[in-house]
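Text of final28.txt (compact mmCIF, C-alpha atoms) as supplied:
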# COMPACT_ATOMS: atom_id res chain seq x y z
CA MET A 1 259.36 73.56 141.80
CA GLY A 2 259.32 76.98 143.50
CA ARG A 3 261.20 79.96 142.27
CA ALA A 4 264.76 80.42 143.54
CA MET A 5 265.14 83.01 146.27
CA LYS A 6 266.19 86.38 144.93
CA ILE A 7 269.83 87.26 145.58
CA ASN A 8 270.72 90.87 146.35
CA PHE A 9 274.28 92.16 146.09
CA VAL A 10 275.84 94.76 148.34
CA THR A 11 279.35 96.15 148.11
CA ASP A 12 281.14 99.39 148.96
CA SER A 13 282.83 102.12 146.97
CA THR A 14 286.34 100.67 147.42
CA THR A 15 285.52 97.78 145.05
CA ASP A 16 285.22 100.15 142.06
CA VAL A 17 282.21 98.40 140.48
CA PRO A 18 281.45 100.54 137.39
CA GLN A 19 278.12 102.33 137.34
CA GLU A 20 276.88 100.35 134.34
CA PHE A 21 277.02 97.13 136.37
CA VAL A 22 275.58 98.78 139.47
CA GLU A 23 272.53 99.79 137.47
CA ARG A 24 272.22 96.58 135.46
CA TYR A 25 272.19 94.30 138.51
CA ASN A 26 270.87 96.77 141.10
CA ILE A 27 274.02 96.37 143.20
CA ARG A 28 273.86 98.45 146.36
CA VAL A 29 277.07 100.42 146.92
CA VAL A 30 277.74 101.78 150.41
CA PRO A 31 280.10 104.78 150.24
CA THR A 32 283.26 104.84 152.32
CA ILE A 33 284.29 108.07 154.01
CA LEU A 34 286.93 110.68 153.15
CA VAL A 35 287.97 113.18 155.79
CA PHE A 36 289.83 116.40 154.96
CA GLU A 37 289.76 120.07 155.85
CA GLY A 38 287.62 119.25 158.86
CA LYS A 39 284.78 117.69 156.88
CA GLU A 40 283.55 114.19 156.06
CA TYR A 41 282.67 113.29 152.47
CA ARG A 42 280.89 110.16 151.29
CA ASP A 43 282.98 108.72 148.48
CA GLY A 44 281.24 109.24 145.15
CA VAL A 45 278.23 110.91 146.78
CA ASP A 46 279.41 114.18 148.34
CA ILE A 47 282.45 114.48 146.08
CA THR A 48 283.21 113.00 142.68
CA ARG A 49 286.48 111.33 141.83
CA ALA A 50 287.40 114.10 139.40
CA GLU A 51 286.76 116.74 142.06
CA PHE A 52 288.77 114.84 144.64
CA TYR A 53 291.84 114.31 142.46
CA GLN A 54 291.76 117.95 141.39
CA ARG A 55 291.98 118.96 145.04
CA LEU A 56 294.37 116.25 146.28
CA PRO A 57 297.67 117.98 145.31
CA SER A 58 296.89 120.93 147.60
CA LEU A 59 295.46 119.01 150.55
CA ARG A 60 297.74 119.12 153.58
CA PRO A 61 297.54 117.18 155.72
CA LEU A 62 296.51 114.39 153.37
CA PRO A 63 292.95 113.10 153.65
CA THR A 64 292.16 110.17 155.90
CA THR A 65 289.58 107.50 155.21
CA ALA A 66 287.05 105.60 157.27
CA ALA A 67 284.73 102.63 156.85
CA PRO A 68 280.97 103.17 156.81
CA ALA A 69 279.25 102.59 160.12
CA SER A 70 277.64 99.19 160.62
CA GLY A 71 274.31 101.00 160.76
CA ASP A 72 274.75 102.04 157.13
CA PHE A 73 274.92 98.39 156.13
CA GLU A 74 272.10 97.46 158.47
CA SER A 75 269.81 99.98 156.78
CA ILE A 76 270.60 98.56 153.34
CA TYR A 77 270.16 94.95 154.45
CA ASP A 78 266.87 95.80 156.12
CA SER A 79 265.55 97.35 152.91
CA LEU A 80 266.15 94.21 150.84
CA GLU A 81 264.05 91.05 150.57
CA GLY A 82 265.60 87.67 149.99
CA ALA A 83 269.20 86.52 150.29
CA ILE A 84 272.06 89.01 150.36
CA ILE A 85 275.69 88.58 149.35
CA SER A 86 277.77 91.46 150.67
CA LEU A 87 281.31 91.47 149.27
CA HIS A 88 284.09 93.85 150.26
CA THR A 89 287.76 94.78 150.07
CA ALA A 90 290.14 92.61 152.10
CA VAL A 91 289.87 93.21 155.83
CA SER A 92 293.67 93.66 155.96
CA PHE A 93 293.22 96.97 154.10
CA THR A 94 290.04 98.41 155.58
CA ALA A 95 287.45 97.92 158.31
CA VAL A 96 284.57 97.88 155.80
CA TYR A 97 284.20 94.09 155.99
CA THR A 98 284.03 94.31 159.80
CA SER A 99 281.23 96.90 159.67
CA ALA A 100 279.29 94.77 157.20
CA HIS A 101 279.78 91.62 159.27
CA ILE A 102 278.54 93.30 162.46
CA ALA A 103 275.42 94.47 160.63
CA SER A 104 274.80 91.01 159.14
CA GLU A 105 274.46 89.39 162.57
CA LYS A 106 270.97 90.89 162.93
CA PHE A 107 269.63 89.11 159.86
CA ALA A 108 269.56 85.45 160.89
CA GLY A 109 271.84 84.02 158.23
CA ARG A 110 270.14 85.85 155.36
CA VAL A 111 273.29 87.89 154.71
CA THR A 112 276.56 86.30 153.59
CA VAL A 113 279.49 88.69 154.03
CA ILE A 114 282.56 87.96 151.90
CA ASP A 115 286.15 89.14 152.35
CA SER A 116 287.30 89.32 148.72
CA GLY A 117 290.98 89.08 149.63
CA SER A 118 291.52 91.83 147.09
CA LEU A 119 291.14 95.53 146.40
CA SER A 120 289.41 97.80 143.88
CA LEU A 121 288.13 95.92 140.81
CA GLY A 122 289.96 92.84 142.07
CA ALA A 123 287.00 92.67 144.45
CA GLY A 124 284.59 94.30 142.01
CA TRP A 125 284.98 91.59 139.37
CA GLN A 126 283.93 89.04 141.98
CA VAL A 127 280.72 90.96 142.70
CA ILE A 128 279.98 91.42 139.01
CA ALA A 129 280.52 87.75 138.13
CA ALA A 130 278.26 86.60 140.96
CA ALA A 131 275.55 89.11 140.00
CA GLU A 132 275.68 87.87 136.41
CA ALA A 133 275.37 84.28 137.60
CA ALA A 134 272.40 85.14 139.81
CA ALA A 135 270.70 86.95 136.92
CA ALA A 136 271.10 83.74 134.91
CA GLY A 137 269.40 81.71 137.66
CA ALA A 138 272.20 80.74 140.06
CA ASN A 139 271.30 80.19 143.72
CA VAL A 140 273.39 81.49 146.64
CA GLU A 141 275.63 78.41 146.80
CA GLU A 142 276.31 78.59 143.07
CA ALA A 143 276.98 82.33 143.21
CA LEU A 144 279.49 81.77 146.01
CA LYS A 145 281.29 79.17 143.88
CA VAL A 146 281.51 81.73 141.07
CA ILE A 147 283.08 84.21 143.50
CA ALA A 148 285.64 81.61 144.61
CA ASP A 149 286.51 80.77 141.00
CA VAL A 150 286.99 84.40 139.98
CA ARG A 151 289.01 85.12 143.11
CA LYS A 152 291.56 82.48 142.05
CA ARG A 153 292.02 84.18 138.69
CA VAL A 154 292.01 87.82 139.78
CA ARG A 155 295.23 89.78 139.40
CA VAL A 156 295.77 93.28 140.77
CA PHE A 157 298.94 95.24 139.99
CA ALA A 158 299.71 98.92 140.31
CA LEU A 159 302.58 101.23 139.48
CA LEU A 160 302.95 104.02 142.03
CA ASP A 161 304.70 107.30 141.43
CA THR A 162 305.31 107.91 145.12
CA LEU A 163 305.05 106.15 148.46
CA ASP A 164 304.52 109.34 150.42
CA ASN A 165 300.76 108.81 150.58
CA LEU A 166 301.07 105.26 151.89
CA ARG A 167 303.61 106.45 154.44
CA HIS A 168 301.45 109.34 155.66
CA SER A 169 298.36 107.14 155.88
CA GLY A 170 300.15 104.45 157.85
CA ARG A 171 299.39 101.83 155.19
CA ILE A 172 303.02 101.45 154.20
CA SER A 173 303.39 98.90 156.99
CA LEU A 174 301.27 96.60 154.82
CA MET A 175 304.11 96.23 152.33
CA ARG A 176 306.52 93.35 152.70
CA ALA A 177 309.67 95.19 151.64
CA SER A 178 312.48 97.41 152.83
CA ILE A 179 310.78 100.74 153.42
CA GLY A 180 314.03 102.73 153.44
CA GLU A 181 314.72 101.59 149.89
CA LEU A 182 311.14 101.91 148.66
CA LEU A 183 310.75 105.54 149.67
CA GLN A 184 313.29 106.52 147.06
CA ILE A 185 311.77 104.66 144.12
CA LYS A 186 308.63 104.05 142.07
CA PRO A 187 307.37 100.60 143.06
CA MET A 188 305.31 98.07 141.17
CA VAL A 189 303.04 96.44 143.72
CA GLU A 190 300.64 93.51 143.68
CA VAL A 191 297.63 92.79 145.84
CA HIS A 192 297.76 89.05 146.47
CA GLU A 193 295.88 87.07 149.10
CA SER A 194 295.08 90.15 151.16
CA GLN A 195 298.67 91.39 151.09
CA LEU A 196 300.29 94.38 149.40
CA ILE A 197 303.57 93.12 147.96
CA ALA A 198 306.37 95.06 146.26
CA ARG A 199 307.19 93.19 143.03
CA ASP A 200 309.69 95.55 141.41
CA GLN A 201 311.14 99.01 141.76
CA PHE A 202 312.31 101.72 139.39
CA ARG A 203 314.23 104.95 139.68
CA THR A 204 312.42 106.71 136.86
CA ARG A 205 308.94 106.72 135.33
CA THR A 206 310.49 106.26 131.89
CA LYS A 207 311.78 102.82 132.86
CA ALA A 208 308.81 101.92 135.00
CA ILE A 209 305.96 102.06 132.45
CA PRO A 210 307.46 99.69 129.82
CA SER A 211 308.48 97.19 132.51
CA PHE A 212 305.00 97.36 134.04
CA ILE A 213 303.43 96.64 130.66
CA GLU A 214 305.71 93.67 130.01
CA ARG A 215 304.88 92.24 133.43
CA MET A 216 301.17 92.47 132.60
CA LYS A 217 301.67 90.69 129.26
CA LEU A 218 303.47 87.84 130.99
CA LEU A 219 300.37 87.18 133.09
CA GLY A 220 298.53 85.94 129.99
CA LYS A 221 295.26 86.95 128.37
CA PHE A 222 292.48 88.50 130.38
CA GLU A 223 288.85 87.48 130.36
CA ARG A 224 287.94 90.78 132.03
CA LEU A 225 290.10 93.81 132.59
CA GLY A 226 290.06 97.22 134.16
CA VAL A 227 292.86 99.74 133.76
CA LEU A 228 292.53 102.27 136.56
CA TYR A 229 294.30 105.52 137.36
CA THR A 230 294.19 108.32 139.90
CA ASP A 231 294.46 111.81 138.40
CA ASN A 232 296.22 111.14 135.08
CA ILE A 233 294.54 109.01 132.40
CA GLU A 234 297.49 109.02 129.98
CA PRO A 235 299.43 106.12 131.59
CA ALA A 236 296.22 104.07 131.59
CA LYS A 237 295.74 104.71 127.87
CA GLN A 238 299.38 103.77 127.25
CA VAL A 239 299.05 100.53 129.18
CA LEU A 240 295.82 99.52 127.44
CA GLU A 241 297.18 100.22 123.97
CA ALA A 242 300.36 98.27 124.65
CA LEU A 243 298.49 95.24 126.00
CA GLY A 244 296.90 94.72 122.58
CA ASN A 245 295.12 91.38 122.28
CA HIS A 246 295.92 90.51 125.89
CA ALA A 247 293.07 92.86 126.79
CA PRO A 248 289.40 92.19 125.97
CA ALA A 249 287.52 94.63 123.76
CA ASP A 250 285.31 95.73 126.67
CA THR A 251 288.20 96.70 128.96
CA ILE A 252 287.20 99.36 131.47
CA VAL A 253 289.29 102.51 131.85
CA ASN A 254 288.21 104.46 134.94
CA PRO A 255 289.61 106.60 137.74
CA ILE A 256 290.13 104.53 140.87
CA THR A 257 287.91 105.27 143.84
CA SER A 258 289.02 108.27 145.90
CA THR A 259 289.40 106.32 149.15
CA VAL A 260 292.00 104.10 147.50
CA GLY A 261 293.55 106.93 145.50
CA THR A 262 294.33 109.01 148.57
CA HIS A 263 296.55 106.15 149.80
CA ILE A 264 298.34 105.35 146.53
CA GLY A 265 298.90 108.92 145.39
CA LEU A 266 298.89 110.89 142.18
CA ASN A 267 300.05 109.51 138.79
CA ALA A 268 299.30 105.92 139.84
CA VAL A 269 298.07 103.37 137.29
CA GLY A 270 296.72 99.90 137.93
CA VAL A 271 295.63 96.75 136.15
CA THR A 272 292.82 94.75 137.73
CA GLY A 273 291.89 91.73 135.69
CA VAL A 274 290.54 88.20 135.63
CA LEU A 275 292.71 85.79 133.69
CA LYS A 276 291.11 83.44 131.20
CA ALA A 277 290.36 80.04 132.69
Hey, can you dump this file as C-alpha cells for me?
Amino acid sequence: MGRAMKINFVTDSTTDVPQEFVERYNIRVVPTILVFEGKEYRDGVDITRAEFYQRLPSLRPLPTTAAPASGDFESIYDSLEGAIISLHTAVSFTAVYTSAHIASEKFAGRVTVIDSGSLSLGAGWQVIAAAEAAAAGANVEEALKVIADVRKRVRVFALLDTLDNLRHSGRISLMRASIGELLQIKPMVEVHESQLIARDQFRTRTKAIPSFIERMKLLGKFERLGVLYTDNIEPAKQVLEALGNHAPADTIVNPITSTVGTHIGLNAVGVTGVLKA
C-alpha cells in the first residue's frame, strides 16, 4: 500500500491559530491587511498585535481591513506539494475565503477551500484539529470529517465594551438586533453559523463580566479553549480563573488578531472553545 498523500494546511491571520501550532504542523498563514494613516500593514508581519493595540486609541479615522489578494494564496498553493486544505473565516465577515477560492481554481482540485462558518479561534480550532489528524495519518476525506465534527462543537462568544468600531467599519449591519438600543450598551455577542448575534446587553462593565462568565459556564466543559482579548488582558485572566474546571489546563490566553480587533474595539474579551463531545 502506498503512502497517503501529504496534506498541507493554509489559513489566514483572522483565524488566530497560535504560533506553537503553526510551527508544529507547518501551517501556512496568509496575513490579512490593515490600512491606516495612509499605509498598508500585513497583519502580524509589518505590525505586531501589541503595537497595533497601543496605537488604536489614537487612530482617527479608525483603520480599515482588507483580504489578501488571490495571488497571495496562489503563490502559497504553488509552493506546496500534495493536497491542500485551506480554511478561513466565514465569508459573511470577510472576503478572505473568496480570494482563496479564486486562487484554488488553478490547481485542478488539489486545493479544498473551507468556509469555517466562524471567526478567530472558532475557525482556528478547526484547522488545528485537522492538522493533528493529518499528522496522525488521516487522509483528506478523514481530515474534512474532523473539521465538520469540530465545527459542530465550536462556540464563540465575546463581550464588547463599545459598538463604535463595528459601526464605523460598517460591520454593525451583521448584527441581528436593534442598533439604536445596542449603541448605548455593552453587548454580549455570539458568532453562530456565520452570523453575529447579540445574546445579551449590559449598561455597565461591572454587571457584564460576571454575567458573561456565567453564560460560558452554562455551555458545559470545554475540550479546547482560547480566551482572547484586544488591548487589556485583565478581563481574560478574570474569565479564565472564574471558569475553573470548565476550562482545560492548556487553555490559550492571547490577544486577538488586529484585523478582528479593529472591528470589535478596545477592552473586548472573547471565549472561543470546542465543547467536549
Polymer residues at most 8 Å from range 15-22 of chain A, only C-alpha atoms, same-chain spacing of 4 or more positions, as an mmCIF file with C-alpha atoms, in the frame of the given file:
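The new file around26.cif reads:
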data_model
loop_
_atom_site.group_PDB
_atom_site.id
_atom_site.type_symbol
_atom_site.label_atom_id
_atom_site.label_comp_id
_atom_site.auth_asym_id
_atom_site.auth_seq_id
_atom_site.Cartn_x
_atom_site.Cartn_y
_atom_site.Cartn_z
ATOM 1 C CA THR A 11 279.350 96.150 148.110
ATOM 2 C CA ASN A 26 270.870 96.770 141.100
ATOM 3 C CA ILE A 27 274.020 96.370 143.200
ATOM 4 C CA ARG A 28 273.860 98.450 146.360
ATOM 5 C CA VAL A 29 277.070 100.420 146.920
ATOM 6 C CA HIS A 88 284.090 93.850 150.260
ATOM 7 C CA THR A 89 287.760 94.780 150.070
ATOM 8 C CA LEU A 119 291.140 95.530 146.400
ATOM 9 C CA SER A 120 289.410 97.800 143.880
ATOM 10 C CA LEU A 121 288.130 95.920 140.810
ATOM 11 C CA GLY A 122 289.960 92.840 142.070
ATOM 12 C CA ALA A 123 287.000 92.670 144.450
ATOM 13 C CA GLY A 124 284.590 94.300 142.010
ATOM 14 C CA TRP A 125 284.980 91.590 139.370
ATOM 15 C CA VAL A 127 280.720 90.960 142.700
ATOM 16 C CA ILE A 128 279.980 91.420 139.010
ATOM 17 C CA ILE A 256 290.130 104.530 140.870
ATOM 18 C CA THR A 257 287.910 105.270 143.840
#
So that I can see what lies close to range 33-38 of chain A, please list as a ChimeraX atom specification the residues with an atom at most 9 Å from it, counting all atoms listed in the file and leaving out residues fewer than 2 positions away in the same chain. /A:31,40-43,59-68,258-259,262
Considering all atoms listed in the file, return as a PyMOL selection string whatever protein or nucleic-acid residues lie within 9 Å of range 212-228 of chain A, sequence-local ones (same chain, fewer than 2 positions apart) excluded. chain A and resi 121+125+155+157-159+188+200+207-210+230+233+236-240+242-243+245-248+250-256+268-277
Using C-alpha atoms, can you export the residues from the last selection as a short mmCIF file (atom, residue, chain, number, x, y, z; two decimals), in the coordinates of the input?
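Now in out.cif:
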data_model
loop_
_atom_site.label_atom_id
_atom_site.label_comp_id
_atom_site.auth_asym_id
_atom_site.auth_seq_id
_atom_site.Cartn_x
_atom_site.Cartn_y
_atom_site.Cartn_z
CA LEU A 121 288.13 95.92 140.81
CA TRP A 125 284.98 91.59 139.37
CA ARG A 155 295.23 89.78 139.40
CA PHE A 157 298.94 95.24 139.99
CA ALA A 158 299.71 98.92 140.31
CA LEU A 159 302.58 101.23 139.48
CA MET A 188 305.31 98.07 141.17
CA ASP A 200 309.69 95.55 141.41
CA LYS A 207 311.78 102.82 132.86
CA ALA A 208 308.81 101.92 135.00
CA ILE A 209 305.96 102.06 132.45
CA PRO A 210 307.46 99.69 129.82
CA THR A 230 294.19 108.32 139.90
CA ILE A 233 294.54 109.01 132.40
CA ALA A 236 296.22 104.07 131.59
CA LYS A 237 295.74 104.71 127.87
CA GLN A 238 299.38 103.77 127.25
CA VAL A 239 299.05 100.53 129.18
CA LEU A 240 295.82 99.52 127.44
CA ALA A 242 300.36 98.27 124.65
CA LEU A 243 298.49 95.24 126.00
CA ASN A 245 295.12 91.38 122.28
CA HIS A 246 295.92 90.51 125.89
CA ALA A 247 293.07 92.86 126.79
CA PRO A 248 289.40 92.19 125.97
CA ASP A 250 285.31 95.73 126.67
CA THR A 251 288.20 96.70 128.96
CA ILE A 252 287.20 99.36 131.47
CA VAL A 253 289.29 102.51 131.85
CA ASN A 254 288.21 104.46 134.94
CA PRO A 255 289.61 106.60 137.74
CA ILE A 256 290.13 104.53 140.87
CA ALA A 268 299.30 105.92 139.84
CA VAL A 269 298.07 103.37 137.29
CA GLY A 270 296.72 99.90 137.93
CA VAL A 271 295.63 96.75 136.15
CA THR A 272 292.82 94.75 137.73
CA GLY A 273 291.89 91.73 135.69
CA VAL A 274 290.54 88.20 135.63
CA LEU A 275 292.71 85.79 133.69
CA LYS A 276 291.11 83.44 131.20
CA ALA A 277 290.36 80.04 132.69
#
One decimal place gives the CA of Lys106 in chain A-CA of Val146 in chain A separation as 25.9 Å
Counting all atoms listed in the file, select every polymer residue within 12 Å of (290.0, 90.4, 153.6) as defined in the file's coordinates, and provide the selection as a list in words.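 Result, sorted by chain then residue number: Leu87, His88, Thr89, Ala90, Val91, Ser92, Phe93, Thr94, Ala95, Val96, Tyr97, Thr98, His101, Val113, Ile114, Asp115, Ser116, Gly117, Ser118, Leu119, Gly122, Ala123, Arg151, Val191, His192, Glu193, Ser194, Gln195 and Leu196 of chain A.
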Would you list the contacts of Leu266 in chain A as a PyMOL selection string, taking every protein, DNA or RNA residue within 9 Å and counting all atoms listed in the file, but skipping same-chain residues closer than 6 positions in sequence? chain A and resi 53+56-57+160-162+165+229-232
Neighbouring residues of Ile84 in chain A were defined as those with any atom within 8 Å, considering only C-alpha atoms; residues of the same chain fewer than 2 positions away were excluded. Please report them as a ChimeraX atom specification. /A:7-10,77,80,82,86,110-112
Just checking: using all atoms listed in the file, which residue out of A:Ser99, A:Asn139, A:Thr204, A:Ser13 ends up closest to Ile185 in chain A?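 Residue with the minimum atom-to-atom distance to Ile185 in chain A: A:Thr204.
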Separation of CA of Glu190 in chain A and CA of Ala148 in chain A, in Å? 19.2 Å
Report the distance between CA of Asp149 in chain A and CA of Ile264 in chain A in Å, rounded to one decimal place.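 Computing it gives 27.8 Å between the two atoms.
Nearest residue to Asp12 in chain A, choosing from A:Gly244, A:Ala133, A:Val260, A:Ile47 and counting all atoms listed in the file: A:Val260.
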Can I get range 229-244 of chain A with N, CA, C and O atoms filled in, as a tab-separated table (two decimals), in the coordinates of the input?
chain	number	residue	atom	x	y	z
A	229	TYR	N	293.30	104.47	137.15
A	229	TYR	CA	294.30	105.52	137.36
A	229	TYR	C	293.77	106.47	138.43
A	229	TYR	O	292.59	106.45	138.77
A	230	THR	N	294.64	107.32	138.94
A	230	THR	CA	294.19	108.32	139.90
A	230	THR	C	293.84	109.61	139.15
A	230	THR	O	292.73	109.76	138.65
A	231	ASP	N	294.78	110.52	139.01
A	231	ASP	CA	294.46	111.81	138.40
A	231	ASP	C	294.81	111.90	136.91
A	231	ASP	O	294.32	112.78	136.21
A	232	ASN	N	295.66	111.02	136.43
A	232	ASN	CA	296.22	111.14	135.08
A	232	ASN	C	295.85	109.93	134.24
A	232	ASN	O	296.33	108.82	134.49
A	233	ILE	N	295.01	110.13	133.22
A	233	ILE	CA	294.54	109.01	132.40
A	233	ILE	C	295.58	108.55	131.38
A	233	ILE	O	295.49	107.41	130.88
A	234	GLU	N	296.56	109.36	131.07
A	234	GLU	CA	297.49	109.02	129.98
A	234	GLU	C	298.23	107.71	130.20
A	234	GLU	O	298.34	106.90	129.27
A	235	PRO	N	298.79	107.43	131.40
A	235	PRO	CA	299.43	106.12	131.59
A	235	PRO	C	298.47	104.95	131.39
A	235	PRO	O	298.87	103.90	130.88
A	236	ALA	N	297.22	105.13	131.77
A	236	ALA	CA	296.22	104.07	131.59
A	236	ALA	C	296.00	103.80	130.10
A	236	ALA	O	295.92	102.65	129.67
A	237	LYS	N	295.90	104.86	129.32
A	237	LYS	CA	295.74	104.71	127.87
A	237	LYS	C	296.96	104.00	127.28
A	237	LYS	O	296.83	103.13	126.41
A	238	GLN	N	298.14	104.37	127.75
A	238	GLN	CA	299.38	103.77	127.25
A	238	GLN	C	299.43	102.28	127.56
A	238	GLN	O	299.79	101.46	126.71
A	239	VAL	N	299.05	101.93	128.78
A	239	VAL	CA	299.05	100.53	129.18
A	239	VAL	C	298.06	99.73	128.34
A	239	VAL	O	298.38	98.65	127.82
A	240	LEU	N	296.85	100.24	128.18
A	240	LEU	CA	295.82	99.52	127.44
A	240	LEU	C	296.23	99.32	125.99
A	240	LEU	O	296.09	98.22	125.45
A	241	GLU	N	296.76	100.35	125.37
A	241	GLU	CA	297.18	100.22	123.97
A	241	GLU	C	298.28	99.19	123.82
A	241	GLU	O	298.27	98.37	122.89
A	242	ALA	N	299.23	99.20	124.75
A	242	ALA	CA	300.36	98.27	124.65
A	242	ALA	C	299.96	96.83	124.93
A	242	ALA	O	300.60	95.90	124.41
A	243	LEU	N	298.91	96.61	125.70
A	243	LEU	CA	298.49	95.24	126.00
A	243	LEU	C	297.91	94.54	124.77
A	243	LEU	O	297.92	93.31	124.69
A	244	GLY	N	297.39	95.30	123.82
A	244	GLY	CA	296.90	94.72	122.58
A	244	GLY	C	295.88	93.62	122.81
A	244	GLY	O	294.91	93.80	123.54
